[in-house]
Structures are given as structure tokens and as C-alpha cells.
file input.csv (CSV, C-alpha atoms and all ligand atoms)
chain,number,residue,atom,x,y,z
A,1,MET,CA,35.6,109.3,269.7
A,2,LYS,CA,33.8,109.4,266.4
A,3,LYS,CA,30.9,107.3,267.9
A,4,THR,CA,30.6,109.6,270.9
A,5,ALA,CA,30.5,112.7,268.7
A,6,ALA,CA,27.8,111.1,266.5
A,7,LEU,CA,25.7,110.3,269.6
A,8,LEU,CA,26.1,113.8,270.9
A,9,LEU,CA,25.0,115.2,267.6
A,10,THR,CA,21.9,112.9,267.5
A,11,ALA,CA,21.0,114.0,271.0
A,12,ALA,CA,21.5,117.6,270.1
A,13,MET,CA,19.3,117.3,267.0
A,14,THR,CA,16.6,115.5,269.0
A,15,MET,CA,16.5,118.3,271.5
A,16,THR,CA,16.4,120.9,268.8
A,17,MET,CA,13.5,119.2,267.2
A,18,LEU,CA,11.7,119.0,270.5
A,19,PHE,CA,12.1,122.6,271.2
A,20,ALA,CA,11.3,123.7,267.7
A,21,GLY,CA,8.0,122.0,268.0
A,22,CYS,CA,8.5,119.5,265.1
A,23,GLY,CA,6.8,116.1,265.1
A,24,ASP,CA,4.4,114.3,267.4
A,25,ALA,CA,6.9,113.8,270.1
A,26,ALA,CA,7.1,117.6,270.4
A,27,LYS,CA,3.3,117.9,270.6
A,28,ASP,CA,3.2,115.3,273.4
A,29,ALA,CA,5.9,117.2,275.3
A,30,ASP,CA,3.9,120.4,274.9
A,31,THR,CA,0.8,118.9,276.3
A,32,LYS,CA,2.6,117.5,279.3
A,33,ASN,CA,4.8,120.5,280.0
A,34,ALA,CA,2.2,123.1,279.1
A,35,ASP,CA,3.7,125.6,281.6
A,36,ASN,CA,7.2,125.3,280.4
A,37,GLU,CA,7.7,128.7,278.9
A,38,ALA,CA,10.3,127.8,276.3
A,39,ASN,CA,7.9,125.3,274.8
A,40,VAL,CA,4.9,127.5,275.0
A,41,GLU,CA,6.5,130.4,273.1
A,42,ASP,CA,8.0,128.1,270.4
A,43,VAL,CA,4.8,126.3,269.6
A,44,SER,CA,2.2,129.0,269.7
A,45,GLY,CA,4.3,131.7,268.2
A,46,THR,CA,1.5,134.3,268.7
A,47,GLU,CA,1.1,137.4,270.7
A,48,SER,CA,-1.5,135.7,272.8
A,49,ALA,CA,1.1,133.4,274.3
A,50,GLN,CA,0.8,135.2,277.6
A,51,GLY,CA,-1.0,134.3,280.8
A,52,GLU,CA,-3.1,131.1,281.1
A,53,GLY,CA,-5.6,129.1,279.0
A,54,PRO,CA,-5.4,127.4,275.7
A,55,LEU,CA,-4.1,130.5,273.8
A,56,ALA,CA,-1.2,130.7,276.2
A,57,ASP,CA,-0.3,127.0,276.5
A,58,GLY,CA,-0.6,126.4,272.8
A,59,VAL,CA,-3.1,123.5,273.0
A,60,LEU,CA,-6.8,123.8,272.5
A,61,ASN,CA,-8.6,120.8,273.9
A,62,VAL,CA,-11.8,120.3,272.0
A,63,GLY,CA,-14.6,118.0,272.9
A,64,THR,CA,-16.9,116.4,270.4
A,65,ASN,CA,-19.2,113.5,269.9
A,66,ALA,CA,-18.2,111.8,266.7
A,67,GLU,CA,-21.6,110.2,266.0
A,68,PHE,CA,-23.2,113.0,264.0
A,69,PRO,CA,-22.3,112.8,260.3
A,70,PRO,CA,-21.4,114.9,258.3
A,71,PHE,CA,-20.4,117.2,261.2
A,72,GLU,CA,-18.4,114.6,263.1
A,73,PHE,CA,-17.9,110.9,262.7
A,74,VAL,CA,-15.1,108.4,263.3
A,75,GLY,CA,-12.9,108.4,260.1
A,76,ASP,CA,-11.3,105.3,258.6
A,77,ASP,CA,-8.2,105.9,260.7
A,78,GLY,CA,-10.3,105.8,263.9
A,79,GLU,CA,-9.9,109.5,264.5
A,80,PRO,CA,-12.9,112.0,264.6
A,81,ASP,CA,-13.4,113.5,261.2
A,82,GLY,CA,-16.1,115.7,259.6
A,83,PHE,CA,-17.0,119.3,259.0
A,84,ASP,CA,-16.7,120.5,262.6
A,85,MET,CA,-13.3,118.8,263.0
A,86,ALA,CA,-11.9,120.4,259.9
A,87,LEU,CA,-13.4,123.8,261.0
A,88,ILE,CA,-11.9,123.7,264.5
A,89,LYS,CA,-8.5,122.6,263.1
A,90,ALA,CA,-8.6,125.5,260.7
A,91,ILE,CA,-9.4,127.8,263.6
A,92,GLY,CA,-6.6,126.3,265.6
A,93,GLU,CA,-4.2,127.0,262.7
A,94,LYS,CA,-5.3,130.7,262.6
A,95,LEU,CA,-4.7,130.9,266.4
A,96,GLY,CA,-1.4,129.1,266.3
A,97,VAL,CA,-2.5,126.4,268.7
A,98,ASP,CA,-2.5,122.6,268.4
A,99,VAL,CA,-6.0,121.2,268.4
A,100,VAL,CA,-6.5,118.0,270.5
A,101,VAL,CA,-9.8,116.3,270.0
A,102,GLU,CA,-11.6,114.3,272.8
A,103,ASN,CA,-14.4,112.1,271.6
A,104,MET,CA,-17.1,111.9,274.4
A,105,GLU,CA,-20.8,111.6,275.0
A,106,PHE,CA,-22.8,114.6,273.7
A,107,ASP,CA,-24.6,114.9,276.9
A,108,SER,CA,-21.4,115.5,278.9
A,109,LEU,CA,-19.8,118.1,276.6
A,110,VAL,CA,-21.3,121.2,278.2
A,111,ALA,CA,-20.4,120.1,281.7
A,112,SER,CA,-16.8,119.3,280.7
A,113,ILE,CA,-16.0,122.7,279.4
A,114,GLY,CA,-13.4,124.3,281.7
A,115,SER,CA,-12.3,121.0,283.1
A,116,LYS,CA,-11.7,118.2,280.7
A,117,ILE,CA,-12.0,120.3,277.6
A,118,ASP,CA,-11.6,124.0,276.7
A,119,VAL,CA,-14.3,124.2,274.1
A,120,ALA,CA,-16.9,121.9,272.3
A,121,ILE,CA,-17.8,121.6,268.7
A,122,ALA,CA,-20.5,119.1,268.0
A,123,GLY,CA,-23.2,120.5,265.8
A,124,MET,CA,-24.3,122.1,269.0
A,125,THR,CA,-27.4,124.3,268.9
A,126,ILE,CA,-27.4,127.5,270.8
A,127,THR,CA,-30.0,127.2,273.5
A,128,ASP,CA,-30.9,129.5,276.5
A,129,GLU,CA,-30.5,126.6,278.9
A,130,ARG,CA,-27.0,125.8,277.7
A,131,LYS,CA,-26.2,129.6,277.8
A,132,ASN,CA,-26.6,129.3,281.6
A,133,ALA,CA,-23.5,127.1,281.7
A,134,VAL,CA,-21.4,128.2,278.7
A,135,ASP,CA,-20.9,131.0,276.2
A,136,PHE,CA,-21.2,130.4,272.5
A,137,SER,CA,-19.1,131.6,269.6
A,138,ASP,CA,-20.8,133.3,266.6
A,139,GLU,CA,-23.1,130.8,264.9
A,140,TYR,CA,-21.7,129.0,261.9
A,141,TYR,CA,-24.6,126.8,260.6
A,142,GLU,CA,-28.3,126.9,260.4
A,143,ALA,CA,-30.2,123.7,261.1
A,144,VAL,CA,-33.6,122.3,262.0
A,145,GLN,CA,-34.8,119.0,263.4
A,146,TYR,CA,-36.0,116.3,260.9
A,147,VAL,CA,-38.3,113.4,261.6
A,148,ILE,CA,-37.3,110.0,260.3
A,149,VAL,CA,-40.0,107.3,260.1
A,150,SER,CA,-40.1,103.9,258.4
A,151,ALA,CA,-41.1,104.0,254.7
A,152,ASP,CA,-44.5,102.5,255.4
A,153,SER,CA,-45.3,104.7,258.5
A,154,GLU,CA,-48.5,106.7,258.6
A,155,ILE,CA,-46.8,109.4,260.7
A,156,ALA,CA,-46.9,112.7,258.7
A,157,SER,CA,-47.4,115.5,261.2
A,158,ALA,CA,-46.5,116.6,264.8
A,159,ALA,CA,-50.0,115.5,265.9
A,160,ASP,CA,-49.2,112.0,264.6
A,161,LEU,CA,-46.2,111.9,267.0
A,162,GLU,CA,-48.4,112.2,270.1
A,163,GLY,CA,-48.2,109.2,272.3
A,164,LYS,CA,-45.4,107.7,270.2
A,165,ASN,CA,-42.1,106.2,271.2
A,166,ILE,CA,-39.5,108.5,269.6
A,167,GLY,CA,-35.8,107.8,269.3
A,168,VAL,CA,-33.4,110.8,270.0
A,169,GLN,CA,-29.8,111.4,270.9
A,170,LEU,CA,-29.6,112.0,274.7
A,171,GLY,CA,-29.5,115.6,275.7
A,172,THR,CA,-30.1,117.0,272.3
A,173,THR,CA,-32.6,119.5,271.0
A,174,GLY,CA,-34.5,116.5,269.4
A,175,ASP,CA,-34.7,115.1,272.9
A,176,PHE,CA,-36.1,118.4,274.2
A,177,ILE,CA,-38.7,118.6,271.4
A,178,VAL,CA,-40.1,115.1,272.4
A,179,GLU,CA,-40.6,116.4,276.0
A,180,ASP,CA,-43.2,118.8,274.6
A,181,ILE,CA,-45.1,116.3,272.5
A,182,GLU,CA,-48.2,115.1,274.3
A,183,GLY,CA,-47.9,111.6,275.6
A,184,ALA,CA,-44.7,110.8,273.7
A,185,THR,CA,-41.8,108.9,275.2
A,186,ALA,CA,-38.2,109.7,274.3
A,187,ALA,CA,-36.1,106.6,273.7
A,188,GLN,CA,-32.7,108.2,274.4
A,189,TYR,CA,-29.5,106.9,272.7
A,190,ASN,CA,-25.9,108.0,273.0
A,191,LYS,CA,-25.4,107.3,269.3
A,192,ALA,CA,-27.8,108.6,266.7
A,193,VAL,CA,-27.2,105.5,264.5
A,194,ASP,CA,-28.5,103.3,267.3
A,195,ALA,CA,-31.8,105.2,267.3
A,196,VAL,CA,-32.0,104.8,263.5
A,197,ASN,CA,-31.3,101.1,263.8
A,198,ASP,CA,-34.1,100.7,266.4
A,199,LEU,CA,-36.4,102.5,264.0
A,200,ARG,CA,-35.5,100.0,261.3
A,201,ASN,CA,-36.1,97.2,263.9
A,202,GLY,CA,-39.5,98.6,264.8
A,203,ARG,CA,-38.5,99.4,268.4
A,204,VAL,CA,-39.3,103.1,268.0
A,205,ASP,CA,-41.9,104.8,265.8
A,206,ALA,CA,-39.8,107.8,264.7
A,207,VAL,CA,-36.5,109.4,265.2
A,208,ILE,CA,-36.0,113.2,265.7
A,209,ILE,CA,-32.6,114.4,264.7
A,210,ASP,CA,-30.9,117.3,263.0
A,211,LYS,CA,-31.4,117.8,259.3
A,212,ASN,CA,-28.0,116.9,257.9
A,213,PRO,CA,-27.4,113.7,259.9
A,214,ALA,CA,-31.1,112.7,259.1
A,215,GLN,CA,-30.2,113.2,255.4
A,216,VAL,CA,-27.1,111.0,255.8
A,217,PHE,CA,-29.1,108.2,257.5
A,218,GLY,CA,-32.0,108.7,255.0
A,219,GLU,CA,-29.6,108.1,252.1
A,220,GLN,CA,-27.9,105.2,253.9
A,221,PHE,CA,-31.2,103.4,254.5
A,222,LYS,CA,-33.2,104.9,251.7
A,223,ASP,CA,-35.4,101.8,251.0
A,224,GLU,CA,-36.4,101.5,254.6
A,225,VAL,CA,-37.1,105.1,255.8
A,226,LYS,CA,-38.5,108.4,254.8
A,227,LEU,CA,-37.8,111.9,256.1
A,228,PHE,CA,-39.9,114.9,257.0
A,229,ASP,CA,-38.5,118.4,257.2
A,230,GLY,CA,-39.4,119.6,260.7
A,231,GLU,CA,-39.7,123.2,259.4
A,232,SER,CA,-42.7,122.2,257.3
A,233,PRO,CA,-46.1,123.4,258.6
A,234,GLU,CA,-47.0,119.8,259.5
A,235,PHE,CA,-44.3,119.8,262.2
A,236,GLY,CA,-43.6,123.5,262.8
A,237,PHE,CA,-40.2,123.1,264.5
A,238,GLU,CA,-38.0,126.2,264.9
A,239,LYS,CA,-34.7,126.9,263.2
A,240,GLU,CA,-31.6,126.2,265.2
A,241,TYR,CA,-28.1,127.6,264.9
A,242,TYR,CA,-24.8,125.7,265.6
A,243,ALA,CA,-22.0,127.4,267.5
A,244,ILE,CA,-18.9,126.4,269.3
A,245,ALA,CA,-19.5,126.2,273.1
A,246,LEU,CA,-16.9,128.2,275.1
A,247,PRO,CA,-16.0,128.6,278.7
A,248,LYS,CA,-18.3,131.2,280.4
A,249,GLY,CA,-16.7,134.6,280.6
A,250,ASP,CA,-13.5,134.0,278.6
A,251,ALA,CA,-13.9,137.0,276.4
A,252,GLU,CA,-10.3,136.8,275.0
A,253,LEU,CA,-10.9,133.2,273.8
A,254,ALA,CA,-14.3,134.0,272.4
A,255,LYS,CA,-12.9,137.0,270.4
A,256,SER,CA,-10.0,135.0,269.0
A,257,ILE,CA,-12.3,132.2,267.9
A,258,ASN,CA,-14.9,134.5,266.4
A,259,ASP,CA,-12.1,136.5,264.6
A,260,ALA,CA,-10.7,133.2,263.2
A,261,LEU,CA,-14.2,132.1,262.1
A,262,ALA,CA,-14.8,135.4,260.4
A,263,GLU,CA,-11.5,135.2,258.6
A,264,LEU,CA,-12.2,131.6,257.4
A,265,LYS,CA,-15.6,132.8,256.1
A,266,GLU,CA,-13.9,135.8,254.4
A,267,ASP,CA,-11.1,133.8,252.7
A,268,GLY,CA,-13.4,131.1,251.4
A,269,THR,CA,-12.1,128.2,253.5
A,270,PHE,CA,-15.4,127.9,255.3
A,271,ASP,CA,-17.4,127.5,252.1
A,272,GLU,CA,-14.8,125.0,250.8
A,273,LEU,CA,-15.4,122.9,253.9
A,274,VAL,CA,-19.1,123.1,253.5
A,275,THR,CA,-18.7,121.8,249.9
A,276,GLN,CA,-16.3,119.1,251.0
A,277,TYR,CA,-18.2,117.7,253.9
A,278,ILE,CA,-21.9,118.8,253.7
A,279,GLY,CA,-22.3,119.4,250.0
A,280,ASN,CA,-25.0,122.0,250.2
B,1,LIG,N1,-28.0,120.1,267.4
B,1,LIG,C1,-28.4,119.2,268.4
B,1,LIG,C2,-28.2,119.8,269.7
B,1,LIG,O1,-27.4,120.7,269.9
B,1,LIG,C3,-27.8,117.9,268.2
B,1,LIG,C4,-26.3,117.8,268.3
B,1,LIG,C5,-25.7,116.5,268.3
B,1,LIG,O2,-26.4,115.5,268.4
B,1,LIG,N2,-24.4,116.4,268.1
B,1,LIG,O3,-28.7,119.3,270.7
call {"tool": "encode", "arguments": {"input": "input.csv", "output": "C-alpha cells", "more": "lines below"}}
Ligand code: GLN
result
Amino acid sequence: MKKTAALLLTAAMTMTMLFAGCGDAAKDADTKNADNEANVEDVSGTESAQGEGPLADGVLNVGTNAEFPPFEFVGDDGEPDGFDMALIKAIGEKLGVDVVVENMEFDSLVASIGSKIDVAIAGMTITDERKNAVDFSDEYYEAVQYVIVSADSEIASAADLEGKNIGVQLGTTGDFIVEDIEGATAAQYNKAVDAVNDLRNGRVDAVIIDKNPAQVFGEQFKDEVKLFDGESPEFGFEKEYYAIALPKGDAELAKSINDALAELKEDGTFDELVTQYIGN
């Protein structure tokens, strides 16, 4: 008798935990039974737990490409880490949704929004072309492309890049810049670090990549490479602005994310994350 009672009690407690949304098992159950109403209401606990979409089902599926330090990189535990990851998790907390991160190729992020993922955060620059396919949140970071060359390179201006073999991350704004450089060839990589390694091996003449990752690589290989600020008159690249890519036309999700972003800026969390991950 006693044994049966104990077993029943254990079973009851397990069920309570599941429905109360405690622990990883509960999160898994939520993902799988996203349209089970009892689960949805317990987990999200917000007014927006109505209708369809990530705000209603309590899970925000986020795509990134964890090859872009300090915004995203694979942490010691094998999971994506970095400024963007911390930011989107803080946004998820404000919205009362679980953030599930999918690490994928940068070039497939935009096309995956609305199917494989709900949104993407990946140091992604707002561009007119991307705006044809997705909406963007309010911008959260200003950037510009940098040029990395080997320490003994004679390249020192945009004109010097003409006809050169230039390493870029596939489908990025660095890649698009190379398209406009006379006679230059883009050597396209899925991982920025591979482009930098090929620069160190002499397989490419330069790498064009965003400022902060360039600075991380510049520091990592400081005896071998030097950096140029693309905003300098010698290069004349334009400023870029990062934002979260959102499904086209989902005004409710856009507003919720923008409101959460504004709150995080207001309450100092955003600045704390900048200090923690980017340092300037
Ligand atoms: N900011 C660049 C872009 O949007 C690069 C982003 C990245 O490589 N993660 O294209």
C-alpha cells in the first residue's frame, strides 16, 4: 500500500512540474505540444498568449550563425553564446517566451524566417534587399565593414583592393561590397574564421568583415594581420545598422520585440551586455 501511494505521489508531482513549466522536460513538452492550451497559458503567462505564433505558443525559435564574435560564437559548453544571444534571451524573458536557438548558415537565415525559425539575430545589417523578404526590428547596433590584410601587405585603400582575391562570409554585406570592387573576386566562406585563416595562409589578399569581429580576429592574430577601418576616407564604406530580422507583416511580434528592446535600453540591461560582450 505504502509503495503504491509513494508511486502515485511521485507521478502526481511529475505531472505538476510538467504543467507548471519547471525544468527542461517541461520545455521539451511545450515545444512538442505547442498547441496544447494548458501548457501554453502556464508557460507564457502573458496577455499575448492568444492566437498563433511565437507569442502565443510560448517559444521563440531564433536563428543565428555562431561564427561572428563577439555577437555570436560557440561557447565552451557547445551552445551559441555572445551579445546577440544574451540580448535575445533578455527579450524573450520580457515577452515571457522560451528562446530556442538554432545555429545555421548565415546565408540561409533570411529564407528560413517563417518556416524553420521565427526570427534571426546574427549581427545582421538592415539592407533594402533583405527588406524585400523580411521586416526588421528597431536597430540595436551601429557597424561598418573593416578590411583585414596581412601585416606586410601593401593594401591601404579601396583602390588597392581592385583585382584582388578577397575573403568574405557568404551572403554578408562584406560579400556585397566585393561585388562592387573592380576586378575583385570574392572568396566566400561560411565561417569568418576560415576566411581569416586563408588570409594567414596567403590564399586571399584581404578579408572584408564587420568591425567588431575584425577586431576580435585582429587581436587573436595580432602579429600576423593589420586592420583598416572601412569608414576611413581611403575606403569610404557606409555605416551599417544591426537589427533582428522578423517575419514580414507580423506587426504584433515586431511591436513586442521593439518594446522589449526599448525597455532593455531604458533599464540599463542593454548597456551592461555591451560592456560584458563588446567592451566599447
Ligand atoms: N553584418 C553583416 C551582414 O549582415 C555580417 C553578419 C554576419 O556575418 N553574421 O551581412
call {"tool": "closest_residue", "arguments": {"input": "input.csv", "among": "A:Tyr277, A:Tyr141, A:Phe106, A:Phe136", "to": "A:Gly249", "atoms": "all atoms listed in the file"}}
result
A:Phe136
call {"tool": "residues_around", "arguments": {"input": "input.csv", "residues": "A:Asp229", "least_positions_apart": "4", "cutoff": "12 Å", "atoms": "all atoms listed in the file", "output": "ChimeraX atom specification"}}
result
/A:143-149,156-158,208-212,214-215,218,233-239
call {"tool": "residues_near_ligand", "arguments": {"input": "input.csv", "ligand": "ligand LIG 1 (chain B)", "cutoff": "10 Å", "atoms": "only C-alpha atoms and all ligand atoms", "output": "NGL selection string"}}
result
:A and (64-69 or 71-72 or 105-107 or 109 or 121-127 or 130 or 142-145 or 168-176 or 190-192 or 208-211 or 213 or 240-243)
call {"tool": "atom_distance", "arguments": {"input": "input.csv", "atom1": "atom CA of A:Val99", "atom2": "atom CA of A:Asp267"}}
result
20.8 Å
call {"tool": "residues_around", "arguments": {"input": "input.csv", "residues": "A:Ala245", "least_positions_apart": "4", "cutoff": "7 Å", "atoms": "only C-alpha atoms", "output": "PyMOL selection string"}}
result
chain A and resi 119-121+134-137
call {"tool": "atom_distance", "arguments": {"input": "input.csv", "atom1": "atom CA of A:Val207", "atom2": "atom CA of A:Ala187"}}
result
9.0 Å
call {"tool": "atom_distance", "arguments": {"input": "input.csv", "atom1": "atom CA of A:Val74", "atom2": "atom CA of A:Val216"}}
result
14.4 Å
call {"tool": "closest_residue", "arguments": {"input": "input.csv", "among": "A:Gly202, A:Gly230, A:Gly78, A:Gly63", "to": "A:Asn165", "atoms": "all atoms listed in the file"}}
result
A:Gly202
call {"tool": "residues_around", "arguments": {"input": "input.csv", "residues": "A:Gly163", "least_positions_apart": "5", "cutoff": "7 Å", "atoms": "all atoms listed in the file", "output": "list in words"}}
result
Glu182, Gly183 and Ala184 of chain A
call {"tool": "closest_residue", "arguments": {"input": "input.csv", "among": "A:Gln276, A:Ser112, A:Ser232, A:Ser153", "to": "A:Val204", "atoms": "all atoms listed in the file"}}
result
A:Ser153
call {"tool": "residues_around", "arguments": {"input": "input.csv", "residues": "stretch 89-94 of chain A", "least_positions_apart": "6", "cutoff": "7 Å", "atoms": "all atoms listed in the file", "output": "JSON, numbers by chain"}}
result
{"A": [257, 260, 261]}
call {"tool": "residues_near_point", "arguments": {"input": "input.csv", "point": "(-35.5, 101.0, 255.1)", "cutoff": "12 Å", "atoms": "all atoms listed in the file", "output": "MDAnalysis selection string"}}
result
chainID A and resid 148:153 196:202 217:227
call {"tool": "residues_around", "arguments": {"input": "input.csv", "residues": "A:Val101", "least_positions_apart": "3", "cutoff": "9 Å", "atoms": "only C-alpha atoms", "output": "PyMOL selection string"}}
result
chain A and resi 60-64+79-80+85+117
